[in-house]
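The file protein_37.cif contains mmCIF, C-alpha atoms and all ligand atoms:
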data_work
loop_
_atom_site.label_atom_id
_atom_site.label_comp_id
_atom_site.auth_asym_id
_atom_site.auth_seq_id
_atom_site.Cartn_x
_atom_site.Cartn_y
_atom_site.Cartn_z
CA MET O 1 -11.70 19.67 -28.46
CA VAL O 2 -8.19 20.47 -27.30
CA GLN O 3 -5.13 18.25 -27.20
CA ARG O 4 -5.14 15.67 -24.44
CA LEU O 5 -2.66 15.83 -21.57
CA ASP O 6 -2.51 12.03 -21.31
CA ILE O 7 -2.06 12.08 -17.57
CA LEU O 8 -2.91 8.82 -15.84
CA LYS O 9 -4.81 8.72 -12.57
CA GLU O 10 -3.00 7.51 -9.48
CA THR O 11 -4.15 4.03 -8.40
CA PRO O 12 -6.67 4.59 -5.60
CA SER O 13 -5.72 3.56 -2.09
CA GLN O 14 -7.43 0.78 -0.17
CA THR O 15 -7.03 -0.07 3.49
CA ALA O 16 -4.07 -2.29 4.40
CA GLY O 17 -6.55 -4.41 6.34
CA PRO O 18 -5.94 -6.43 9.51
CA TYR O 19 -3.34 -8.68 7.90
CA VAL O 20 -0.82 -6.16 6.55
CA HIS O 21 1.85 -7.85 8.65
CA ILE O 22 1.60 -11.00 6.52
CA GLY O 23 2.96 -9.05 3.58
CA ALA O 24 5.20 -6.51 5.29
CA THR O 25 6.63 -8.19 8.39
CA PRO O 26 5.88 -11.93 8.12
CA ASN O 27 8.69 -12.95 10.46
CA ALA O 28 7.25 -10.67 13.16
CA ILE O 29 4.01 -12.70 13.10
CA ASP O 30 5.62 -16.13 12.96
CA ILE O 31 5.44 -16.76 9.22
CA ALA O 32 8.98 -18.04 9.15
CA GLY O 33 11.10 -19.19 6.27
CA VAL O 34 9.59 -17.21 3.40
CA TRP O 35 12.31 -14.61 3.69
CA GLN O 36 15.22 -14.36 6.07
CA THR O 37 14.57 -10.94 7.54
CA ASP O 38 11.74 -8.43 7.34
CA LEU O 39 12.74 -5.39 5.29
CA GLY O 40 13.35 -2.33 7.46
CA SER O 41 13.47 -4.29 10.71
CA VAL O 42 17.06 -3.30 11.55
CA MET O 43 18.23 0.26 10.83
CA LEU O 44 21.68 0.31 12.43
CA THR O 45 24.99 -1.47 12.14
CA ALA O 46 28.07 -0.97 14.31
CA GLU O 47 29.47 1.31 11.57
CA THR O 48 26.51 3.71 11.46
CA THR O 49 27.52 7.25 12.43
CA GLY O 50 25.39 9.19 14.88
CA GLU O 51 23.80 9.42 18.29
CA ARG O 52 21.86 6.26 19.12
CA ILE O 53 18.25 6.82 20.06
CA VAL O 54 15.08 4.78 20.47
CA VAL O 55 11.66 5.91 19.24
CA LYS O 56 8.69 4.29 20.93
CA GLY O 57 4.99 4.92 20.74
CA ARG O 58 1.52 3.67 19.99
CA VAL O 59 -1.18 4.45 17.46
CA ILE O 60 -4.33 5.31 19.41
CA ASP O 61 -7.92 5.32 18.10
CA GLY O 62 -10.79 7.68 18.91
CA ALA O 63 -11.81 5.57 21.91
CA GLY O 64 -8.32 5.80 23.41
CA ARG O 65 -7.36 2.24 22.53
CA PRO O 66 -3.99 1.43 20.97
CA LEU O 67 -4.17 -0.29 17.58
CA THR O 68 -2.65 -3.77 17.60
CA ASP O 69 -2.78 -4.23 13.82
CA ALA O 70 -0.94 -1.14 12.58
CA LEU O 71 2.22 -0.94 10.49
CA VAL O 72 4.52 2.03 11.02
CA GLU O 73 7.29 3.15 8.67
CA ILE O 74 9.82 5.90 9.28
CA TRP O 75 12.18 7.73 6.91
CA GLN O 76 14.93 10.06 8.00
CA ALA O 77 18.21 11.72 7.13
CA ASP O 78 21.56 10.56 8.50
CA ALA O 79 23.42 12.28 11.32
CA ALA O 80 24.72 14.92 8.89
CA GLY O 81 21.26 15.68 7.50
CA LEU O 82 21.67 13.78 4.21
CA TYR O 83 19.16 11.32 2.80
CA ASN O 84 20.44 7.99 1.51
CA SER O 85 18.56 8.38 -1.77
CA PRO O 86 19.35 9.02 -5.44
CA GLN O 87 17.11 12.08 -5.13
CA GLU O 88 19.49 13.63 -2.58
CA PRO O 89 21.27 16.46 -4.47
CA ARG O 90 23.58 17.74 -1.71
CA GLY O 91 26.04 14.92 -1.19
CA THR O 92 26.45 11.29 -0.25
CA ALA O 93 24.84 9.99 2.92
CA ASP O 94 26.39 7.59 5.42
CA ARG O 95 26.51 4.32 3.49
CA HIS O 96 25.95 2.43 6.73
CA PHE O 97 22.56 4.02 7.25
CA VAL O 98 19.61 3.49 4.91
CA GLY O 99 17.33 5.72 6.98
CA TRP O 100 14.19 3.65 6.46
CA GLY O 101 12.57 1.55 9.16
CA ARG O 102 9.42 -0.52 9.34
CA GLN O 103 7.82 -2.14 12.38
CA ALA O 104 4.64 -4.01 13.15
CA VAL O 105 3.12 -2.73 16.37
CA ASP O 106 3.11 -5.26 19.19
CA ARG O 107 0.13 -7.60 18.86
CA ASP O 108 -0.76 -7.20 22.57
CA THR O 109 0.39 -3.74 23.66
CA GLY O 110 0.26 -1.90 20.34
CA GLU O 111 3.72 -0.45 20.91
CA PHE O 112 6.19 0.17 18.11
CA CYS O 113 9.90 0.58 18.68
CA PHE O 114 12.65 1.83 16.35
CA ALA O 115 16.34 1.74 17.24
CA THR O 116 17.88 4.46 15.11
CA ILE O 117 20.04 7.60 15.22
CA LYS O 118 19.12 11.21 15.65
CA PRO O 119 18.98 12.84 12.20
CA GLY O 120 20.65 16.09 11.22
CA SER O 121 18.80 19.09 9.78
CA VAL O 122 17.45 19.21 6.25
CA PRO O 123 16.58 22.41 4.32
CA PHE O 124 13.06 23.49 3.46
CA GLY O 125 12.29 24.46 -0.15
CA ASP O 126 13.34 28.08 0.40
CA GLY O 127 16.68 27.13 1.96
CA ARG O 128 15.75 27.69 5.61
CA LEU O 129 16.74 24.75 7.79
CA MET O 130 13.98 22.54 9.13
CA ALA O 131 14.39 21.22 12.65
CA PRO O 132 15.59 17.61 12.84
CA HIS O 133 12.62 15.35 12.20
CA ILE O 134 11.57 11.86 11.17
CA THR O 135 8.87 11.23 8.58
CA VAL O 136 6.27 8.75 9.85
CA TRP O 137 3.69 6.80 7.81
CA ILE O 138 0.91 4.68 9.29
CA VAL O 139 -1.41 2.10 7.73
CA ALA O 140 -3.86 -0.27 9.42
CA ARG O 141 -7.30 -1.78 9.22
CA GLY O 142 -9.82 1.07 9.12
CA ILE O 143 -7.33 3.55 7.65
CA ASN O 144 -8.41 4.03 4.04
CA ILE O 145 -5.31 5.90 2.91
CA GLY O 146 -1.92 5.91 4.63
CA LEU O 147 -1.36 8.75 7.10
CA HIS O 148 1.75 10.95 6.92
CA THR O 149 3.07 12.78 9.93
CA ARG O 150 6.40 13.93 11.39
CA LEU O 151 8.22 13.37 14.64
CA TYR O 152 10.15 16.36 15.99
CA PHE O 153 12.49 16.10 18.99
CA GLY O 154 11.59 17.43 22.42
CA ASP O 155 15.15 18.54 23.15
CA GLU O 156 15.31 20.78 20.05
CA ALA O 157 13.18 23.63 21.36
CA VAL O 158 15.10 26.37 19.53
CA ALA O 159 15.15 24.58 16.17
CA ASN O 160 11.50 23.57 16.56
CA ALA O 161 10.51 27.19 17.23
CA GLY O 162 11.96 28.20 13.87
CA ASP O 163 10.82 25.19 11.85
CA PRO O 164 9.00 26.35 8.70
CA VAL O 165 6.57 23.43 8.82
CA LEU O 166 5.68 23.75 12.50
CA LEU O 167 5.28 27.52 12.01
CA ARG O 168 2.50 26.80 9.56
CA ILE O 169 0.29 25.16 12.20
CA GLU O 170 -2.26 27.86 13.03
CA ASP O 171 -3.56 26.21 16.19
CA ARG O 172 -0.32 26.43 18.16
CA SER O 173 -1.59 23.99 20.77
CA ARG O 174 -1.42 21.21 18.16
CA ILE O 175 2.35 21.52 17.63
CA ALA O 176 2.86 19.40 20.74
CA THR O 177 1.31 16.43 18.94
CA LEU O 178 4.40 16.32 16.70
CA VAL O 179 7.06 16.78 19.38
CA ALA O 180 8.35 13.63 21.10
CA PRO O 181 9.60 14.18 24.66
CA LYS O 182 13.01 12.74 25.49
CA ASP O 183 13.37 10.18 28.27
CA LEU O 184 16.96 10.19 29.53
CA SER O 185 16.41 7.37 31.99
CA THR O 186 16.99 4.79 29.26
CA ASP O 187 20.21 4.08 27.43
CA PRO O 188 20.11 5.02 24.60
CA PRO O 189 17.57 7.77 25.33
CA THR O 190 13.98 7.15 24.27
CA TYR O 191 11.71 9.58 22.45
CA ARG O 192 8.06 8.76 23.02
CA PHE O 193 5.73 9.48 20.11
CA ASP O 194 2.12 8.47 20.58
CA ILE O 195 -0.01 9.02 17.48
CA HIS O 196 -3.66 9.95 18.11
CA LEU O 197 -5.93 9.30 15.15
CA GLN O 198 -8.80 11.33 16.63
CA GLY O 199 -9.92 13.34 19.63
CA PRO O 200 -8.64 16.40 21.49
CA GLN O 201 -5.03 15.25 21.04
CA GLU O 202 -5.42 14.34 17.35
CA THR O 203 -1.98 14.28 15.72
CA VAL O 204 -1.32 16.70 12.88
CA PHE O 205 -1.33 14.68 9.64
CA PHE O 206 -0.01 16.03 6.34
CA ASP O 207 -1.22 16.13 2.79
CA ILE O 208 2.17 15.96 1.12
CA MET F 1 20.40 14.74 -8.87
CA THR F 2 17.17 15.32 -10.68
CA GLN F 3 15.73 17.98 -12.94
CA GLU F 4 12.24 17.26 -11.72
CA GLY F 5 10.10 19.13 -9.23
CA SER F 6 7.54 18.15 -6.69
CA TYR F 7 4.94 15.44 -7.11
CA TYR F 8 1.54 16.25 -8.57
CA GLN F 9 -0.98 17.07 -5.91
CA ARG F 10 -2.85 13.97 -4.80
CA ASP F 11 -6.47 13.91 -6.05
CA ARG F 12 -8.15 13.21 -2.73
CA ALA F 13 -11.54 12.81 -4.44
CA TRP F 14 -10.18 9.81 -6.35
CA HIS F 15 -9.06 8.09 -3.15
CA PRO F 16 -11.41 6.97 -0.37
CA PRO F 17 -12.04 9.56 2.33
CA ALA F 18 -10.90 8.67 5.86
CA PHE F 19 -14.39 8.55 7.37
CA THR F 20 -16.58 5.88 5.72
CA PRO F 21 -19.20 4.63 8.20
CA GLN F 22 -20.26 1.67 6.05
CA TYR F 23 -16.75 0.36 6.81
CA LYS F 24 -17.21 0.49 10.56
CA THR F 25 -13.59 0.31 11.66
CA SER F 26 -12.90 3.61 9.91
CA VAL F 27 -15.21 5.48 12.29
CA LEU F 28 -12.74 5.55 15.20
CA ARG F 29 -9.61 5.52 13.03
CA SER F 30 -10.25 8.49 10.74
CA PRO F 31 -8.62 11.84 11.47
CA GLN F 32 -11.32 14.50 11.86
CA ARG F 33 -9.22 17.62 11.35
CA PRO F 34 -8.16 18.76 7.89
CA LEU F 35 -4.77 17.48 6.76
CA LEU F 36 -2.04 20.12 6.86
CA SER F 37 -0.94 20.88 3.30
CA LEU F 38 2.81 20.55 2.91
CA GLU F 39 4.60 21.12 -0.39
CA ASN F 40 7.25 18.49 -0.99
CA THR F 41 10.55 19.01 0.82
CA LEU F 42 13.54 16.70 0.53
CA SER F 43 11.94 14.59 3.25
CA GLU F 44 9.08 13.71 0.89
CA LEU F 45 11.04 13.77 -2.41
CA THR F 46 13.51 11.12 -1.28
CA GLY F 47 13.19 7.42 -0.52
CA PRO F 48 15.36 4.35 0.00
CA VAL F 49 16.72 2.18 -2.81
CA PHE F 50 15.71 -1.48 -2.67
CA GLY F 51 18.45 -3.55 -4.24
CA HIS F 52 17.62 -6.77 -6.07
CA GLY F 53 20.26 -8.46 -3.92
CA ARG F 54 17.95 -8.43 -0.93
CA LEU F 55 15.39 -10.71 -2.57
CA GLY F 56 15.43 -14.48 -2.88
CA PRO F 57 14.52 -16.45 -6.00
CA LEU F 58 11.18 -17.67 -4.61
CA ASP F 59 10.07 -14.33 -3.21
CA ASN F 60 7.59 -13.88 -6.08
CA ASP F 61 6.30 -17.46 -6.09
CA LEU F 62 3.53 -17.94 -3.53
CA ILE F 63 2.89 -21.47 -4.79
CA THR F 64 6.26 -22.68 -3.49
CA ASN F 65 7.75 -20.07 -1.15
CA TYR F 66 6.10 -21.61 1.92
CA ALA F 67 6.21 -25.19 0.72
CA HIS F 68 6.12 -27.82 3.46
CA GLY F 69 6.35 -30.92 1.29
CA GLY F 70 3.96 -29.85 -1.47
CA GLU F 71 2.57 -26.95 -3.46
CA ALA F 72 -0.19 -24.52 -2.55
CA ILE F 73 -3.65 -25.73 -3.48
CA GLY F 74 -5.85 -23.68 -5.79
CA GLN F 75 -6.38 -22.15 -9.18
CA ARG F 76 -2.87 -21.36 -10.40
CA LEU F 77 -2.32 -17.77 -11.53
CA VAL F 78 0.34 -15.48 -12.89
CA VAL F 79 -0.30 -11.87 -11.90
CA HIS F 80 1.74 -9.35 -13.84
CA GLY F 81 1.76 -5.72 -14.87
CA ARG F 82 3.77 -2.53 -14.72
CA VAL F 83 4.27 0.17 -12.15
CA LEU F 84 3.93 3.53 -13.94
CA ASP F 85 3.83 7.13 -12.84
CA GLU F 86 1.04 9.53 -13.80
CA ASN F 87 3.14 10.60 -16.79
CA GLY F 88 2.96 7.03 -18.09
CA ARG F 89 6.61 6.18 -17.52
CA GLY F 90 7.55 2.76 -16.19
CA LEU F 91 9.24 2.96 -12.80
CA PRO F 92 12.21 0.64 -12.18
CA GLY F 93 13.39 -0.41 -8.73
CA VAL F 94 9.97 -0.18 -7.08
CA LEU F 95 9.39 -2.53 -4.15
CA VAL F 96 6.05 -4.30 -4.77
CA GLU F 97 4.81 -6.51 -1.93
CA PHE F 98 1.65 -8.60 -1.99
CA TRP F 99 -0.29 -10.70 0.51
CA GLN F 100 -3.49 -12.67 0.30
CA ALA F 101 -5.75 -15.38 1.70
CA ASN F 102 -5.45 -18.98 0.51
CA ALA F 103 -7.78 -20.62 -2.03
CA GLY F 104 -10.40 -21.12 0.68
CA GLY F 105 -10.28 -17.49 1.78
CA ARG F 106 -8.28 -18.14 4.96
CA TYR F 107 -5.31 -16.03 6.07
CA ARG F 108 -2.32 -17.40 7.94
CA HIS F 109 -2.74 -15.07 10.92
CA HIS F 110 -3.38 -15.44 14.65
CA LYS F 111 -6.43 -13.13 14.51
CA GLU F 112 -8.14 -14.90 11.61
CA GLY F 113 -11.64 -16.08 12.60
CA TYR F 114 -12.90 -17.79 9.43
CA ARG F 115 -13.36 -21.55 9.68
CA ALA F 116 -11.99 -22.34 6.20
CA ALA F 117 -8.95 -24.62 6.41
CA LEU F 118 -5.33 -23.49 6.41
CA ASP F 119 -3.23 -24.76 3.53
CA PRO F 120 0.02 -26.15 5.00
CA ASN F 121 1.89 -25.14 1.85
CA PHE F 122 0.64 -21.58 1.60
CA GLY F 123 2.12 -18.64 3.54
CA GLY F 124 0.46 -15.86 1.60
CA CYS F 125 3.19 -13.26 1.04
CA GLY F 126 5.52 -12.31 -1.79
CA ARG F 127 7.53 -9.41 -3.17
CA TYR F 128 9.28 -8.16 -6.27
CA ILE F 129 11.47 -5.23 -7.31
CA THR F 130 10.34 -3.85 -10.66
CA ASP F 131 12.38 -4.39 -13.81
CA PRO F 132 13.95 -1.52 -15.82
CA ASP F 133 10.62 -0.93 -17.60
CA GLY F 134 8.58 -1.06 -14.39
CA GLY F 135 7.39 -4.64 -14.95
CA TYR F 136 6.61 -7.10 -12.18
CA HIS F 137 5.14 -10.59 -12.03
CA PHE F 138 4.41 -13.29 -9.51
CA ARG F 139 2.93 -16.74 -9.32
CA THR F 140 0.17 -17.54 -6.87
CA ILE F 141 -3.20 -19.25 -6.43
CA LYS F 142 -6.51 -17.44 -6.71
CA PRO F 143 -7.55 -16.29 -3.22
CA GLY F 144 -11.02 -17.20 -2.01
CA ALA F 145 -13.69 -14.74 -0.92
CA TYR F 146 -14.07 -14.53 2.85
CA PRO F 147 -16.48 -13.26 5.52
CA TRP F 148 -15.45 -10.46 7.84
CA PRO F 149 -16.91 -8.77 10.89
CA ASN F 150 -18.59 -5.55 9.71
CA ARG F 151 -22.30 -5.79 9.07
CA VAL F 152 -23.83 -9.13 10.12
CA ASN F 153 -22.86 -10.97 6.98
CA ASP F 154 -20.31 -9.06 4.88
CA TRP F 155 -17.94 -10.88 2.53
CA ARG F 156 -14.85 -9.59 0.77
CA PRO F 157 -14.52 -10.30 -2.94
CA ALA F 158 -11.42 -12.26 -3.93
CA HIS F 159 -8.51 -9.81 -3.74
CA ILE F 160 -4.76 -9.44 -3.39
CA HIS F 161 -3.30 -6.71 -1.16
CA PHE F 162 -0.45 -4.61 -2.59
CA SER F 163 2.10 -2.34 -0.96
CA VAL F 164 4.05 -0.23 -3.45
CA PHE F 165 7.18 1.75 -2.60
CA GLY F 166 8.27 4.04 -5.43
CA HIS F 167 11.18 6.45 -5.56
CA ALA F 168 9.99 8.83 -2.85
CA PHE F 169 8.02 8.73 0.34
CA ALA F 170 5.44 10.95 -1.39
CA GLN F 171 4.57 7.99 -3.66
CA ARG F 172 3.90 5.50 -0.87
CA LEU F 173 0.75 3.52 -1.61
CA VAL F 174 -1.19 0.53 -0.29
CA THR F 175 -4.10 -0.86 -2.29
CA GLN F 176 -5.97 -4.02 -3.30
CA MET F 177 -6.42 -5.82 -6.61
CA TYR F 178 -9.73 -7.43 -7.60
CA PHE F 179 -10.58 -9.92 -10.34
CA GLU F 180 -12.50 -9.17 -13.54
CA GLY F 181 -16.09 -10.35 -13.54
CA ASP F 182 -16.51 -10.85 -9.78
CA PRO F 183 -20.03 -9.70 -8.76
CA MET F 184 -18.95 -9.43 -5.11
CA ILE F 185 -16.78 -6.38 -5.90
CA TRP F 186 -19.95 -4.29 -6.08
CA GLN F 187 -21.28 -5.57 -2.75
CA CYS F 188 -18.20 -4.81 -0.66
CA PRO F 189 -18.20 -1.93 1.86
CA ILE F 190 -14.41 -1.57 1.61
CA VAL F 191 -14.50 -1.29 -2.19
CA ALA F 192 -17.36 1.18 -1.77
CA THR F 193 -15.18 3.52 0.28
CA ILE F 194 -13.93 4.70 -3.14
CA PRO F 195 -16.48 7.24 -4.36
CA ASP F 196 -15.85 7.10 -8.13
CA ARG F 197 -16.75 3.96 -10.08
CA ARG F 198 -13.94 4.63 -12.57
CA ALA F 199 -11.45 4.60 -9.70
CA ILE F 200 -12.80 1.24 -8.53
CA GLU F 201 -12.44 -0.11 -12.06
CA GLN F 202 -8.76 0.87 -11.90
CA LEU F 203 -8.38 -1.81 -9.19
CA ILE F 204 -9.89 -4.64 -11.24
CA ALA F 205 -7.30 -6.78 -12.97
CA ALA F 206 -8.17 -8.05 -16.45
CA LEU F 207 -8.13 -11.74 -17.30
CA ASP F 208 -5.17 -11.90 -19.71
CA ARG F 209 -5.86 -14.88 -21.95
CA ASN F 210 -2.79 -14.21 -24.11
CA ASN F 211 -0.45 -14.76 -21.20
CA THR F 212 -2.05 -17.85 -19.72
CA THR F 213 0.27 -20.84 -19.60
CA PRO F 214 -1.27 -23.92 -21.24
CA MET F 215 -1.99 -26.71 -18.75
CA ASP F 216 -0.55 -24.56 -15.95
CA SER F 217 -1.80 -21.06 -15.06
CA LEU F 218 -4.35 -18.38 -15.84
CA ALA F 219 -2.99 -14.84 -16.06
CA TYR F 220 -4.29 -11.50 -14.79
CA LYS F 221 -2.80 -8.10 -15.67
CA PHE F 222 -2.73 -5.36 -13.07
CA ASP F 223 -0.99 -2.04 -13.74
CA ILE F 224 -0.31 0.30 -10.82
CA VAL F 225 0.03 4.08 -11.18
CA LEU F 226 2.03 6.12 -8.67
CA ARG F 227 2.17 9.90 -8.46
CA GLY F 228 4.08 11.71 -11.21
CA ARG F 229 6.45 14.68 -10.90
CA ARG F 230 6.35 18.17 -12.28
CA SER F 231 8.92 19.23 -14.84
CA THR F 232 10.99 22.22 -13.77
CA PHE F 233 11.40 24.42 -16.82
CA PHE F 234 12.60 27.89 -15.78
CA GLU F 235 13.04 27.53 -12.09
CA ASN F 236 15.71 29.10 -9.94
CA ARG F 237 15.96 26.85 -6.96
CA PRO F 238 17.63 28.17 -3.83
CA GLU F 239 20.86 26.51 -2.76
CA GLY F 240 20.18 23.46 -0.65
CA ASN F 241 17.20 22.13 -2.54
FE FE O 301 -7.84 -9.18 2.67
#

Just dump the structure as structure tokens.
Amino acid sequence: MVQRLDILKETPSQTAGPYVHIGATPNAIDIAGVWQTDLGSVMLTAETTGERIVVKGRVIDGAGRPLTDALVEIWQADAAGLYNSPQEPRGTADRHFVGWGRQAVDRDTGEFCFATIKPGSVPFGDGRLMAPHITVWIVARGINIGLHTRLYFGDEAVANAGDPVLLRIEDRSRIATLVAPKDLSTDPPTYRFDIHLQGPQETVFFDI
Amino acid sequence: MTQEGSYYQRDRAWHPPAFTPQYKTSVLRSPQRPLLSLENTLSELTGPVFGHGRLGPLDNDLITNYAHGGEAIGQRLVVHGRVLDENGRGLPGVLVEFWQANAGGRYRHHKEGYRAALDPNFGGCGRYITDPDGGYHFRTIKPGAYPWPNRVNDWRPAHIHFSVFGHAFAQRLVTQMYFEGDPMIWQCPIVATIPDRRAIEQLIAALDRNNTTPMDSLAYKFDIVLRGRRSTFFENRPEGN
């Protein structure tokens, strides 16, 4: 026998099920009065610094159908590239921007929509800058463990080409699944980010 | 500022795989390509702070937080426990959210298809931000088992759904709590997505007789473990991380 490490095991994941919105976004599904607002439903105030953008998309299954029971969360840096977190060692982020958003997808169309700002760049572990990106996390019925991915911006071609994470994707054709094209016809501009769970366009998901 | 490093690698064999055909919905919703391994960057090591000021006094009381002239019907329970990391440390400031069916097994949701009655005084959601030692507690009623469309006649064991938001996005977790002694746990295709019986047992809350409230509530204890972080002993970290 040797000494024991006394490391606990992480609690195993279980699917969020079809009713995750009851717990996460009750107001969005007409369970009113339990709490005033759903956490993460509004990311901006008038004082938030940065370029206003909208992120829209759907979560699409292997048959090409959008999920209508998914929950999507995003996490991002502020306009200067700082995270509003005690774990941020480089400085203090915009106190008018938490950087976390959570939305139920639309019960009919499956679309999610975040009104946020475009984040600044954040360094990779070796000090190289990563391209501006938003961390995305998806849970739903039929998803046994939450899926992590990233949204990169379609108008950041130069930064994306040097991004240390995107450079790691061996099948270069799959990089496009992480890059949201910019639609300038809306005000503020919209980045469209459809997430494909399966199929030829399957989104790159991360083991983080 | 922290002296800690990245989170311990997730043991994917302890969690359910994505593709579990006995749970039919997973078939079209499971990624088929390998996940891309990504060591933690600041994007994964950080996370928002949830202040206690954002919660109301009834947020952790499912018996009264949707009251419409009465209290929720059912077996009254206190569910309590601690949120720990893999190093066994209690984690303060963790957002714990929970949702469940009513005592008859019926959810308050527009897609619910089970004929059991709605309880006018039961909404089914609650939340808590963990105490300095990682503790949490809430009051509720015992949820009923319910049928669901999978095989012709599948039923879920009584359970409470949990969403847990620790200190970093890398710790994000959604799971379900089951009740000690329930034979239906071992008949459930969703439970069975977890390959290791010991991992399933980690989701079964113990009846906690010591903390029952006389003439009021039974108690169940459910501890939740999130990923732990490496110590950084002799590491030169480049500027910017
Ligand atoms: Fe359920």

To check your reading of the model: which residues sit at most 7 Å from ligand FE 301 (chain O) when counting only C-alpha atoms and all ligand atoms? Write the answer as number ranges by chain.
O: 17, 19; F: 100-101, 159-161

Tell me, counting only C-alpha atoms, for each residue of range 39-134 of chain F within 12 Å of range 111-124 of chain O, which pair of atoms is nearest and how far apart they are in Å to one decimal, in rows ordered by chain and increasing number, as a tab-separated table.
residue	atom	partner	partner_atom	distance
F:Glu39	CA	O:Phe124	CA	9.6
F:Asn40	CA	O:Phe124	CA	8.9
F:Thr41	CA	O:Phe124	CA	5.8
F:Leu42	CA	O:Val122	CA	7.4
F:Ser43	CA	O:Val122	CA	7.8
F:Glu44	CA	O:Phe124	CA	10.9
F:Leu45	CA	O:Phe124	CA	11.5
F:Thr46	CA	O:Val122	CA	11.7

Would you kindly report the residues of chain F within 6 Å of chain O, using only C-alpha atoms, as a compact mmCIF listing (two decimals) with C-alpha atoms, keeping the file's coordinate frame?
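As written to disk, out08.txt reads:
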# COMPACT_ATOMS: atom_id res chain seq x y z
CA MET F 1 20.40 14.74 -8.87
CA HIS F 15 -9.06 8.09 -3.15
CA ALA F 18 -10.90 8.67 5.86
CA THR F 25 -13.59 0.31 11.66
CA SER F 26 -12.90 3.61 9.91
CA LEU F 28 -12.74 5.55 15.20
CA ARG F 29 -9.61 5.52 13.03
CA PRO F 31 -8.62 11.84 11.47
CA LEU F 35 -4.77 17.48 6.76
CA LEU F 36 -2.04 20.12 6.86
CA SER F 37 -0.94 20.88 3.30
CA LEU F 38 2.81 20.55 2.91
CA GLU F 39 4.60 21.12 -0.39
CA THR F 41 10.55 19.01 0.82
CA THR F 46 13.51 11.12 -1.28
CA GLY F 47 13.19 7.42 -0.52
CA PRO F 48 15.36 4.35 0.00
CA ASN F 65 7.75 -20.07 -1.15
CA TYR F 66 6.10 -21.61 1.92
CA GLU F 86 1.04 9.53 -13.80
CA ASN F 87 3.14 10.60 -16.79
CA PHE F 98 1.65 -8.60 -1.99
CA TRP F 99 -0.29 -10.70 0.51
CA CYS F 125 3.19 -13.26 1.04
CA VAL F 174 -1.19 0.53 -0.29
CA THR F 175 -4.10 -0.86 -2.29
CA GLN F 176 -5.97 -4.02 -3.30
CA ILE F 224 -0.31 0.30 -10.82
CA VAL F 225 0.03 4.08 -11.18
CA LEU F 226 2.03 6.12 -8.67
CA ARG F 227 2.17 9.90 -8.46
CA PRO F 238 17.63 28.17 -3.83
CA GLY F 240 20.18 23.46 -0.65
CA ASN F 241 17.20 22.13 -2.54

I'd like the neighbourhood of His52 in chain F as a list in words, where a residue qualifies if any of its atoms comes within 9 Å (using all atoms listed in the file), though same-chain residues fewer than 6 positions away should be ignored.
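Here the qualifying residues turn out to be Gly93, Tyr128 and Ile129 of chain F.
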
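With CA of Gln202 in chain F on one side and CA of Pro143 in chain F on the other, the separation reads 19.3 Å.
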
Which residues are near Ala103 in chain F? Cut-off 7 Å, only C-alpha atoms, ignore same chain within fewer than 2 positions. Put them as a list in words.
Ile73, Gly74, Ala101, Gly105, Ile141, Lys142, Pro143 and Gly144 of chain F

To one decimal in Å, tell me the separation between CA of Asp78 in chain O and CA of Ala93 in chain O.
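Going from CA of Asp78 in chain O over to CA of Ala93 in chain O covers 6.5 Å.
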
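Distance-wise, CA of Tyr191 in chain O and CA of Glu47 in chain O end up 22.4 Å apart.
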
Quick one: residues within 6 Å of Ala219 in chain F, all atoms listed in the file, excluding same-chain residues fewer than 2 positions away - as an NGL selection string?
:F and (77-79 or 208 or 211-212)

Tell me which protein, DNA and RNA residues are within 7 Å of range 182-190 of chain O, counting all atoms listed in the file, leaving out same-chain ones fewer than 4 positions away, and put them as number ranges by chain.
O: 52-56, 154-155

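Comparing the minimum interatomic distances between Phe193 in chain O and each of O:Leu166, O:Val72, O:Met1, O:Ala157, counting only C-alpha atoms, we find that O:Val72 sits nearest.
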
Take every atom of range 81-86 of chain O listed in the file, fit an axis-aligned box around them, add 8 Å per side, and give the centre and edge lengths in Å to one decimal as lines of an AutoDock Vina configuration file.
center_x = 20.1
center_y = 11.8
center_z = 1.0
size_x = 19.1
size_y = 23.7
size_z = 28.9

Just checking: using all atoms listed in the file, which residue out of F:Arg209, F:Gly126, F:Met177, F:Pro21 ends up closest to Arg139 in chain F?
F:Gly126

Need the neighbours of (13.4, 3.8, -4.4): which residues are at most 7 Å away, counting only C-alpha atoms, as a ChimeraX atom specification?
/F:47-50,93-94,165-168

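If all atoms listed in the file are the atoms counted, then among F:Asp119, F:Gly51, F:Ser30, F:Leu207 the closest residue to Pro16 in chain F is F:Ser30.
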
Selected residue of minimal separation from Gly40 in chain O among O:Gln103, O:Gln201, O:Thr68, O:Gln3, counting all atoms listed in the file:
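Looking only at the distances to Gly40 in chain O, the closest residue turns out to be O:Gln103.
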
Closest of F:Asn210, F:Gln22, F:Glu112, F:Phe122 to His68 in chain F - atom-to-atom distances counting all atoms listed in the file:
F:Phe122

Considering only C-alpha atoms, return as a ChimeraX atom specification whatever protein or nucleic-acid residues lie within 6 Å of range 229-232 of chain F, sequence-local ones (same chain, fewer than 4 positions apart) excluded.
/F:4-8
